[in-house]
Amino acid sequence: MNEQTAIVTGSSRGIGKAIALQLARDGFNVVINYRQNREQADHVLEEMQAAGGQGIVVGADVSNSEDAQHLIDTAVQTYGRVDVLVNNAGINKDQLMLRISDEEWHQLIHTNLDSAFYCSRAVLRHMMKKRYGRIITISSVVGINGNAGQAHYAAAKSGLLGFTFSLAQEYGNRGITANVVAPGFIQSDMTAALSPEQSAKILKSIAADRLGTPEDVAATVAFLASPQAGYINGQVIRIDGGMSSI
């Protein structure tokens, strides 16, 4: 695997950071992407290198087509190839439907949905030449079930499912797989700010009786990124501790 290269968008913190570190442990050259906080991204690279991994840091706002192309081009110029793309970049701003402004709606769609389109389109040209690739997109259980106060977020995350299913059908015969990972409640700054009452309510809906960790998500992404996952295509894998079973 040490000749393979993976790009993880939005990988300066949280789930993206955990994915980047796991892929580096698995032997990938990893391209760490950030939009604003270079210092956080550099810390991820330092942690990666301290563990024996290799990578570079590339600043790019992947909700912008030109920036997304720059990210892919830099990876190819540095390592000569891109084998895995993890579309992880995303934001969320909870708001009731009637209070969502046009600006908020477009911002959520651009960051969560457009970014996956721009990056996937740019990387597919390289993957098709080698007739090999893994495109893994991070959605959410909200994109499957919806959630009050998250209509714009749910719309974007749901759109990623149809987008990925289409990629799987278009490029599956070229050795390229496209799959979705849909996390449930994962430990984060957002969940840390919940009240004890809110946390207790959430835990009642999870069969595993705990929140997930970024590492739980990263482990699944790492398998989908591997050659062993070559016959998994066009799938949505929920990482939610059994929320769907309650």
# chains A, B, ... in the order shown; residues from 1 in each chain; ligands from 1
>>> select_by_dssp(residues="region 45-114 of chain A", states="strand (DSSP E)", output="ChimeraX atom specification")
/A:54-59,84-87
>>> residues_around(residues="region 210-216 of chain A", least_positions_apart="2", cutoff="6 Å", atoms="only C-alpha atoms", output="JSON, numbers by chain")
{"A": [15, 18, 185, 186, 187, 208, 218, 219]}
>>> write_last_selection(atoms="C-alpha atoms", output="PDB file, in the first residue's frame")
ATOM      1  CA  ILE A  15     -13.572  12.530  11.620  1.00  0.00           C
ATOM      2  CA  ALA A  18      -9.019  10.240  12.255  1.00  0.00           C
ATOM      3  CA  PHE A 185     -23.863  10.497  16.755  1.00  0.00           C
ATOM      4  CA  ILE A 186     -20.075  10.776  16.935  1.00  0.00           C
ATOM      5  CA  GLN A 187     -18.020  12.323  19.744  1.00  0.00           C
ATOM      6  CA  ALA A 208     -24.704   0.319  21.641  1.00  0.00           C
ATOM      7  CA  ALA A 218     -12.105   5.787  10.184  1.00  0.00           C
ATOM      8  CA  ALA A 219     -11.906   1.999  10.533  1.00  0.00           C
TER       9      ALA A 219
END
>>> atom_distance(atom1="CA of Val44 (chain A)", atom2="CA of Ile19 (chain A)")
10.8 Å
>>> atom_distance(atom1="CA of Gly143 (chain A)", atom2="CA of Ile206 (chain A)")
17.4 Å
>>> residues_around(residues="Glu39 (chain A)", least_positions_apart="4", cutoff="12 Å", atoms="only C-alpha atoms", output="PDB file with C-alpha atoms, in the first residue's frame")
ATOM      1  CA  SER A  12      -7.541  18.990   9.904  1.00  0.00           C
ATOM      2  CA  ARG A  13      -9.825  17.831  12.734  1.00  0.00           C
ATOM      3  CA  ILE A  32      -4.356  16.441   4.354  1.00  0.00           C
ATOM      4  CA  ASN A  33      -6.761  19.178   3.285  1.00  0.00           C
ATOM      5  CA  TYR A  34      -7.889  22.241   5.208  1.00  0.00           C
ATOM      6  CA  ARG A  35      -9.810  25.405   4.342  1.00  0.00           C
ATOM      7  CA  HIS A  43      -0.438  19.226  13.679  1.00  0.00           C
ATOM      8  CA  VAL A  44      -2.150  16.320  11.908  1.00  0.00           C
ATOM      9  CA  LEU A  45       0.856  15.963   9.618  1.00  0.00           C
ATOM     10  CA  GLU A  46       3.243  16.046  12.586  1.00  0.00           C
ATOM     11  CA  VAL A  57      -0.822  19.527   3.662  1.00  0.00           C
ATOM     12  CA  VAL A  58      -2.807  21.346   0.961  1.00  0.00           C
ATOM     13  CA  GLY A  59      -5.028  24.344   1.625  1.00  0.00           C
TER      14      GLY A  59
END
>>> select_by_dssp(residues="region 3-233 of chain A", states="alpha helix (DSSP H)", output="ChimeraX atom specification")
/A:14-25,38-50,65-79,102-109,115-130,142-145,151-171,189-192,196-204,214-224
>>> closest_residue(among="A:Val141, A:Met128, A:Ala192, A:Leu96", to="Glu170 (chain A)", atoms="only C-alpha atoms")
A:Met128
>>> closest_atom_pairs(of="region 122-158 of chain A", to="region 225-245 of chain A", cutoff="8 Å", atoms="only C-alpha atoms", output="CSV")
residue,atom,partner,partner_atom,distance
A:Arg134,CA,A:Ala225,CA,5.8
A:Ile135,CA,A:Ala225,CA,7.9
A:Ile136,CA,A:Ala225,CA,7.5
A:Ser140,CA,A:Arg238,CA,8.0
A:Val141,CA,A:Arg238,CA,6.9
>>> closest_residue(among="A:Thr78, A:Tyr132, A:Gln95, A:His126", to="Asn173 (chain A)", atoms="only C-alpha atoms")
A:Tyr132
>>> residues_around(residues="Leu85 (chain A)", least_positions_apart="6", cutoff="9 Å", atoms="only C-alpha atoms", output="list in words")
Thr5, Ala6, Ile7, Val8, Thr9, Cys119, Ser120, Val123, Gly133, Arg134, Ile135, Ile136, Thr137 and Ala225 of chain A
>>> write_last_selection(atoms="N, CA and C atoms", output="CSV table (one decimal), in the first residue's frame")
chain,number,residue,atom,x,y,z
A,5,THR,N,-1.8,6.6,-2.8
A,5,THR,CA,-2.1,7.9,-2.3
A,5,THR,C,-3.6,8.1,-2.0
A,6,ALA,N,-3.8,8.7,-0.9
A,6,ALA,CA,-5.2,9.0,-0.5
A,6,ALA,C,-5.4,10.5,-0.2
A,7,ILE,N,-6.5,11.1,-0.7
A,7,ILE,CA,-6.8,12.5,-0.3
A,7,ILE,C,-8.0,12.5,0.6
A,8,VAL,N,-7.9,13.2,1.7
A,8,VAL,CA,-9.0,13.3,2.7
A,8,VAL,C,-9.4,14.8,2.8
A,9,THR,N,-10.5,15.2,2.3
A,9,THR,CA,-10.9,16.6,2.4
A,9,THR,C,-11.4,16.9,3.8
A,119,CYS,N,-14.5,17.5,-6.4
A,119,CYS,CA,-13.3,16.7,-6.1
A,119,CYS,C,-13.4,15.3,-6.9
A,120,SER,N,-14.6,14.7,-6.9
A,120,SER,CA,-14.7,13.5,-7.6
A,120,SER,C,-14.5,13.6,-9.1
A,123,VAL,N,-10.8,13.9,-9.8
A,123,VAL,CA,-10.0,12.7,-9.5
A,123,VAL,C,-10.3,11.6,-10.5
A,133,GLY,N,-9.7,2.8,-8.4
A,133,GLY,CA,-9.9,3.9,-7.5
A,133,GLY,C,-11.0,3.6,-6.5
A,134,ARG,N,-10.9,4.3,-5.4
A,134,ARG,CA,-11.9,4.2,-4.3
A,134,ARG,C,-12.4,5.7,-4.0
A,135,ILE,N,-13.7,5.9,-4.2
A,135,ILE,CA,-14.3,7.2,-3.8
A,135,ILE,C,-15.2,6.9,-2.6
A,136,ILE,N,-14.9,7.5,-1.5
A,136,ILE,CA,-15.6,7.2,-0.3
A,136,ILE,C,-16.2,8.6,0.2
A,137,THR,N,-17.5,8.7,0.4
A,137,THR,CA,-18.1,9.9,0.8
A,137,THR,C,-18.7,9.8,2.1
A,225,ALA,N,-11.3,1.6,1.6
A,225,ALA,CA,-10.2,2.1,0.8
A,225,ALA,C,-9.3,1.0,0.3
>>> closest_residue(among="A:Ile72, A:Leu160, A:Val31, A:Ala148", to="Ile109 (chain A)", atoms="only C-alpha atoms")
A:Leu160
